[in-house]
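Written out below as structure tokens is the structure these notes cover.
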Amino acid sequence: RFGDLLKKLHIPHPRDGVATNLREAEDIAALIGYPVLVRPSYVLGGRGMEIVYKPESLREYMKTAVNVSPDHPILIEKFLEDAKEFDVDAVCDGNDILIGGVLQHIEEAGIHSGDSACVLMPQAESVQVIEQLKDFTRKLALALGVRGLINVQCAEKGGIVYVLEVNPRASRTVPFISKATGVPLAGLAARVMAGESLKKLDFTKEPVIRHVAVKEAVLPFA
């Protein structure tokens, strides 16, 4: 359903497919081309996700994948190697959208966003890429009927921006962006969810900052 929505909105995304058994998985991976990203459906936080570079590894993954069935298919998509990854956090009230900020990951796409560092106000990107990220976020927020926060994760490779994932909820980067810009995104989203509009709250323009802010992940190994 998500893939169908992206096609309808003319938003690029990595080629993908759904498999309920090994034969289907092999056919889809061969059609898409290795490397592929494989993961069980209905999991959070990257659990059970692997990057697979050859058919033998795919067979091994399917053997150990938990509960593969028509009700619990395996999702397979093209893995974009050496791509740049971005996060966009925004608030939507159904009519207007406030872009909170665009974050560029320092690590390449494929590192979990919870483990990667990122920069608010990307320095190295073209204006065209940044504007495309914002445009896709606006289109998706309105098409999904979001009331509140939305997080869009994208990758850029060869000048093409691909949407990887959309979460109609707060993301871990919302507090960081709010601290860096002074715009209380979570508070605004709560009021929007309670029925207020961004216009009434006087928050429709993207915050402009004159500094660069960097988020670094802290990994406790205890």
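Numbering starts fresh at 1 for the residues of each chain in the structure tokens, the chains themselves are lettered A, B, ... in the order given, and ligands are numbered from 1 as they appear.
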Notebook entry, point to check: Which polymer residues have any atom within 10 Å of an atom of segment 170-176 of chain A, counting only C-alpha atoms, with same-chain residues fewer than 3 positions away left out, as a PyMOL selection string?
Noted result: chain A and resi 87-91+100-101+103+113-114+118+120+148-152+167+179-186+189+213-215
May I have the residues from that selection written out with N, CA, C and O atoms, as a short mmCIF file (atom, residue, chain, number, x, y, z; two decimals), in the first residue's frame?
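New file selection-v1.cif:
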```
data_model
loop_
_atom_site.label_atom_id
_atom_site.label_comp_id
_atom_site.auth_asym_id
_atom_site.auth_seq_id
_atom_site.Cartn_x
_atom_site.Cartn_y
_atom_site.Cartn_z
N ASP A 87 16.78 12.85 7.23
CA ASP A 87 15.54 12.81 8.00
C ASP A 87 14.87 14.17 7.88
O ASP A 87 15.54 15.20 7.96
N VAL A 88 13.55 14.18 7.72
CA VAL A 88 12.79 15.43 7.79
C VAL A 88 11.72 15.26 8.86
O VAL A 88 10.97 14.28 8.84
N ASP A 89 11.67 16.19 9.81
CA ASP A 89 10.61 16.20 10.82
C ASP A 89 9.70 17.38 10.56
O ASP A 89 10.17 18.50 10.30
N ALA A 90 8.38 17.14 10.62
CA ALA A 90 7.42 18.19 10.32
C ALA A 90 6.15 17.99 11.14
O ALA A 90 5.91 16.92 11.70
N VAL A 91 5.34 19.06 11.20
CA VAL A 91 4.02 19.01 11.83
C VAL A 91 3.00 19.38 10.76
O VAL A 91 3.18 20.36 10.03
N GLY A 100 10.02 21.26 10.40
CA GLY A 100 10.82 21.57 11.58
C GLY A 100 12.30 21.68 11.24
O GLY A 100 13.00 22.56 11.73
N GLY A 101 12.77 20.75 10.37
CA GLY A 101 14.17 20.77 9.97
C GLY A 101 14.52 19.59 9.09
O GLY A 101 13.83 18.57 9.11
N LEU A 103 17.63 17.00 8.35
CA LEU A 103 18.86 16.48 8.95
C LEU A 103 19.59 15.60 7.95
O LEU A 103 18.97 14.73 7.33
N SER A 113 19.12 4.97 12.16
CA SER A 113 19.11 6.39 12.51
C SER A 113 19.36 6.63 14.00
O SER A 113 19.84 7.70 14.39
N GLY A 114 19.07 5.64 14.83
CA GLY A 114 19.36 5.77 16.26
C GLY A 114 20.84 5.66 16.57
O GLY A 114 21.29 6.08 17.64
N CYS A 118 24.01 13.16 12.99
CA CYS A 118 23.42 13.92 11.88
C CYS A 118 23.58 15.41 12.11
O CYS A 118 23.84 15.87 13.22
N LEU A 120 21.97 19.31 11.40
CA LEU A 120 20.86 20.18 11.02
C LEU A 120 21.45 21.33 10.20
O LEU A 120 22.45 21.92 10.58
N GLY A 148 -0.55 16.11 13.23
CA GLY A 148 0.49 16.00 14.24
C GLY A 148 1.85 15.87 13.58
O GLY A 148 2.08 16.39 12.49
N LEU A 149 2.73 15.11 14.21
CA LEU A 149 4.10 14.97 13.72
C LEU A 149 4.23 13.92 12.63
O LEU A 149 3.49 12.93 12.60
N ILE A 150 5.18 14.15 11.74
CA ILE A 150 5.53 13.16 10.72
C ILE A 150 7.04 13.19 10.53
O ILE A 150 7.66 14.26 10.59
N ASN A 151 7.64 12.01 10.35
CA ASN A 151 9.06 11.87 10.09
C ASN A 151 9.24 11.12 8.78
O ASN A 151 8.64 10.07 8.58
N VAL A 152 10.02 11.70 7.88
CA VAL A 152 10.28 11.08 6.57
C VAL A 152 11.77 10.81 6.45
O VAL A 152 12.59 11.70 6.67
N ASN A 167 7.02 7.83 8.95
CA ASN A 167 6.44 7.51 10.26
C ASN A 167 5.52 8.65 10.68
O ASN A 167 5.98 9.76 10.90
N LYS A 179 15.37 21.77 20.30
CA LYS A 179 16.42 22.47 21.06
C LYS A 179 17.25 23.36 20.15
O LYS A 179 17.64 24.47 20.52
N ALA A 180 17.56 22.88 18.95
CA ALA A 180 18.45 23.60 18.04
C ALA A 180 17.78 24.83 17.43
O ALA A 180 18.44 25.82 17.11
N THR A 181 16.44 24.77 17.24
CA THR A 181 15.73 25.86 16.55
C THR A 181 14.91 26.73 17.50
O THR A 181 14.53 27.85 17.14
N GLY A 182 14.59 26.20 18.68
CA GLY A 182 13.74 26.93 19.61
C GLY A 182 12.26 26.80 19.31
O GLY A 182 11.42 27.47 19.92
N VAL A 183 11.90 25.93 18.36
CA VAL A 183 10.49 25.71 18.00
C VAL A 183 10.00 24.44 18.71
O VAL A 183 10.52 23.36 18.46
N PRO A 184 8.98 24.54 19.57
CA PRO A 184 8.53 23.38 20.35
C PRO A 184 7.64 22.44 19.52
O PRO A 184 6.41 22.47 19.63
N LEU A 185 8.26 21.60 18.71
CA LEU A 185 7.51 20.77 17.77
C LEU A 185 6.50 19.85 18.46
O LEU A 185 5.37 19.70 18.00
N ALA A 186 6.91 19.20 19.56
CA ALA A 186 6.00 18.26 20.23
C ALA A 186 4.79 19.00 20.80
O ALA A 186 3.65 18.51 20.71
N ALA A 189 2.51 19.96 17.95
CA ALA A 189 1.82 18.77 17.44
C ALA A 189 0.67 18.37 18.35
O ALA A 189 -0.42 18.00 17.88
N ALA A 213 23.90 22.64 13.86
CA ALA A 213 23.76 21.81 15.06
C ALA A 213 24.01 20.35 14.68
O ALA A 213 23.58 19.89 13.63
N VAL A 214 24.74 19.64 15.54
CA VAL A 214 25.10 18.25 15.27
C VAL A 214 24.59 17.34 16.39
O VAL A 214 24.78 17.65 17.57
N LYS A 215 23.93 16.26 16.01
CA LYS A 215 23.48 15.25 16.98
C LYS A 215 24.42 14.05 16.92
O LYS A 215 24.65 13.51 15.82
#
```
Next item on the list: Quick one: pick out all strand (DSSP E) residues within segment 3-178 of chain A from a backbone DSSP run and write them as a PyMOL selection string.
Entry: chain A and resi 16-19+36-40+50-52+74-78+84-92+97-105+118-120+148-157+160-167
Next item on the list: Would you please work out which residue, of A:Glu216, A:Glu156, A:Asp93, A:Asp82, is nearest to Ser126 of chain A when using only C-alpha atoms?
Entry: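 Selected residue with least distance to Ser126 of chain A: A:Glu156.
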Counting only C-alpha atoms, which residues in segment 87-164 of chain A sit no more than 8 Å from segment 198-203 of chain A? For each one, give the nearest pair of atoms and the distance in Å, sorted by chain then residue number, as a Markdown table.
```
| residue | atom | partner | partner_atom | distance |
| --- | --- | --- | --- | --- |
| A:Cys92 | CA | A:Leu198 | CA | 7.9 |
| A:Asp93 | CA | A:Leu198 | CA | 6.5 |
| A:Asp96 | CA | A:Leu198 | CA | 6.7 |
| A:Ile97 | CA | A:Leu198 | CA | 7.7 |
| A:Leu98 | CA | A:Phe203 | CA | 6.8 |
```
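Proximity to Leu142 of chain A at 7 Å, evaluated using only C-alpha atoms and with sequence-adjacent residues fewer than 4 positions away removed, yields Gly94, Arg138 and Val146 of chain A.
Comparing A:Asp115, A:Asp16, A:Glu85, A:Glu60 by their smallest distance to Val161 of chain A, the closest is A:Glu85 (using only C-alpha atoms).
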Margin query: I'd like the interatomic distance between atom CA of Arg15 of chain A and atom CA of Ile32 of chain A, to a tenth of an Å.
Written below: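 Value for the atom CA of Arg15 of chain A-atom CA of Ile32 of chain A distance: 6.3 Å.
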Next item on the list: Please identify which residues in segment 59-222 of chain A DSSP calls helix (DSSP H, G or I) from the backbone, and express them as an NGL selection string.
Entry: :A and (59-64 or 127-143 or 174-181 or 185-193 or 198-201)
Export of prior selection with N, CA and C atoms as a tab-separated table (two decimals), in the first residue's frame:
```tsv
chain	number	residue	atom	x	y	z
A	59	ARG	N	19.19	-17.45	1.14
A	59	ARG	CA	18.64	-18.75	1.56
A	59	ARG	C	18.84	-18.97	3.05
A	60	GLU	N	20.03	-18.59	3.55
A	60	GLU	CA	20.32	-18.74	4.98
A	60	GLU	C	19.38	-17.86	5.81
A	61	TYR	N	19.13	-16.65	5.33
A	61	TYR	CA	18.23	-15.74	6.05
A	61	TYR	C	16.82	-16.32	6.11
A	62	MET	N	16.35	-16.84	4.98
A	62	MET	CA	14.98	-17.38	4.93
A	62	MET	C	14.81	-18.59	5.83
A	63	LYS	N	15.89	-19.35	6.01
A	63	LYS	CA	15.83	-20.51	6.91
A	63	LYS	C	15.62	-20.07	8.35
A	64	THR	N	16.26	-18.96	8.71
A	64	THR	CA	16.22	-18.52	10.10
A	64	THR	C	15.16	-17.46	10.36
A	127	VAL	N	20.67	22.90	-3.13
A	127	VAL	CA	19.36	23.44	-2.75
A	127	VAL	C	18.26	22.57	-3.35
A	128	GLN	N	18.51	22.03	-4.56
A	128	GLN	CA	17.50	21.21	-5.23
A	128	GLN	C	17.16	19.96	-4.43
A	129	VAL	N	18.18	19.29	-3.87
A	129	VAL	CA	17.95	18.09	-3.06
A	129	VAL	C	17.15	18.43	-1.81
A	130	ILE	N	17.54	19.50	-1.12
A	130	ILE	CA	16.86	19.91	0.11
A	130	ILE	C	15.40	20.26	-0.17
A	131	GLU	N	15.15	21.00	-1.25
A	131	GLU	CA	13.78	21.39	-1.58
A	131	GLU	C	12.94	20.17	-1.96
A	132	GLN	N	13.57	19.18	-2.61
A	132	GLN	CA	12.85	17.97	-2.97
A	132	GLN	C	12.45	17.19	-1.71
A	133	LEU	N	13.36	17.13	-0.73
A	133	LEU	CA	13.05	16.47	0.54
A	133	LEU	C	11.83	17.11	1.21
A	134	LYS	N	11.80	18.42	1.21
A	134	LYS	CA	10.67	19.14	1.83
A	134	LYS	C	9.38	18.92	1.04
A	135	ASP	N	9.49	18.95	-0.29
A	135	ASP	CA	8.31	18.77	-1.15
A	135	ASP	C	7.71	17.38	-0.94
A	136	PHE	N	8.55	16.34	-0.89
A	136	PHE	CA	8.05	14.98	-0.67
A	136	PHE	C	7.37	14.87	0.69
A	137	THR	N	7.94	15.54	1.71
A	137	THR	CA	7.36	15.50	3.05
A	137	THR	C	5.97	16.14	3.05
A	138	ARG	N	5.83	17.28	2.39
A	138	ARG	CA	4.52	17.95	2.30
A	138	ARG	C	3.50	17.05	1.61
A	139	LYS	N	3.88	16.48	0.47
A	139	LYS	CA	2.96	15.63	-0.30
A	139	LYS	C	2.50	14.42	0.52
A	140	LEU	N	3.45	13.78	1.20
A	140	LEU	CA	3.13	12.58	1.97
A	140	LEU	C	2.26	12.90	3.18
A	141	ALA	N	2.57	13.99	3.87
A	141	ALA	CA	1.79	14.37	5.05
A	141	ALA	C	0.33	14.62	4.68
A	142	LEU	N	0.10	15.31	3.57
A	142	LEU	CA	-1.27	15.60	3.14
A	142	LEU	C	-1.97	14.36	2.62
A	143	ALA	N	-1.24	13.53	1.86
A	143	ALA	CA	-1.85	12.31	1.30
A	143	ALA	C	-2.23	11.32	2.40
A	174	VAL	N	13.08	14.76	17.01
A	174	VAL	CA	12.22	15.91	17.32
A	174	VAL	C	12.76	16.75	18.49
A	175	PRO	N	13.16	16.14	19.62
A	175	PRO	CA	13.70	16.97	20.72
A	175	PRO	C	14.97	17.71	20.31
A	176	PHE	N	15.81	17.06	19.51
A	176	PHE	CA	17.06	17.68	19.05
A	176	PHE	C	16.77	18.92	18.19
A	177	ILE	N	15.86	18.76	17.22
A	177	ILE	CA	15.52	19.88	16.34
A	177	ILE	C	14.88	21.02	17.14
A	178	SER	N	14.02	20.65	18.09
A	178	SER	CA	13.36	21.68	18.91
A	178	SER	C	14.38	22.48	19.72
A	179	LYS	N	15.37	21.77	20.30
A	179	LYS	CA	16.42	22.47	21.06
A	179	LYS	C	17.25	23.36	20.15
A	180	ALA	N	17.56	22.88	18.95
A	180	ALA	CA	18.45	23.60	18.04
A	180	ALA	C	17.78	24.83	17.43
A	181	THR	N	16.44	24.77	17.24
A	181	THR	CA	15.73	25.86	16.55
A	181	THR	C	14.91	26.73	17.50
A	185	LEU	N	8.26	21.60	18.71
A	185	LEU	CA	7.51	20.77	17.77
A	185	LEU	C	6.50	19.85	18.46
A	186	ALA	N	6.91	19.20	19.56
A	186	ALA	CA	6.00	18.26	20.23
A	186	ALA	C	4.79	19.00	20.80
A	187	GLY	N	5.03	20.18	21.39
A	187	GLY	CA	3.93	20.97	21.93
A	187	GLY	C	2.96	21.43	20.85
A	188	LEU	N	3.52	21.89	19.73
A	188	LEU	CA	2.68	22.30	18.59
A	188	LEU	C	1.86	21.13	18.07
A	189	ALA	N	2.51	19.96	17.95
A	189	ALA	CA	1.82	18.77	17.44
A	189	ALA	C	0.67	18.37	18.35
A	190	ALA	N	0.89	18.46	19.67
A	190	ALA	CA	-0.17	18.11	20.62
A	190	ALA	C	-1.38	19.03	20.45
A	191	ARG	N	-1.11	20.31	20.25
A	191	ARG	CA	-2.22	21.27	20.08
A	191	ARG	C	-2.93	21.06	18.75
A	192	VAL	N	-2.16	20.70	17.70
A	192	VAL	CA	-2.77	20.39	16.40
A	192	VAL	C	-3.66	19.15	16.52
A	193	MET	N	-3.17	18.14	17.24
A	193	MET	CA	-3.96	16.91	17.44
A	193	MET	C	-5.24	17.19	18.24
A	198	LEU	N	-2.14	25.32	12.56
A	198	LEU	CA	-0.83	25.96	12.59
A	198	LEU	C	-0.94	27.46	12.36
A	199	LYS	N	-1.92	27.87	11.52
A	199	LYS	CA	-2.12	29.30	11.29
A	199	LYS	C	-2.53	30.00	12.57
A	200	LYS	N	-3.46	29.39	13.31
A	200	LYS	CA	-3.92	29.98	14.57
A	200	LYS	C	-2.77	30.06	15.58
A	201	LEU	N	-1.89	29.04	15.55
A	201	LEU	CA	-0.75	29.02	16.46
A	201	LEU	C	0.40	29.90	15.96
```
Margin query: Considering only C-alpha atoms, can you say which of A:Gly17, A:Pro168, A:Thr204, A:Gly48 comes closest to Leu31 of chain A?
Written below: A:Gly17
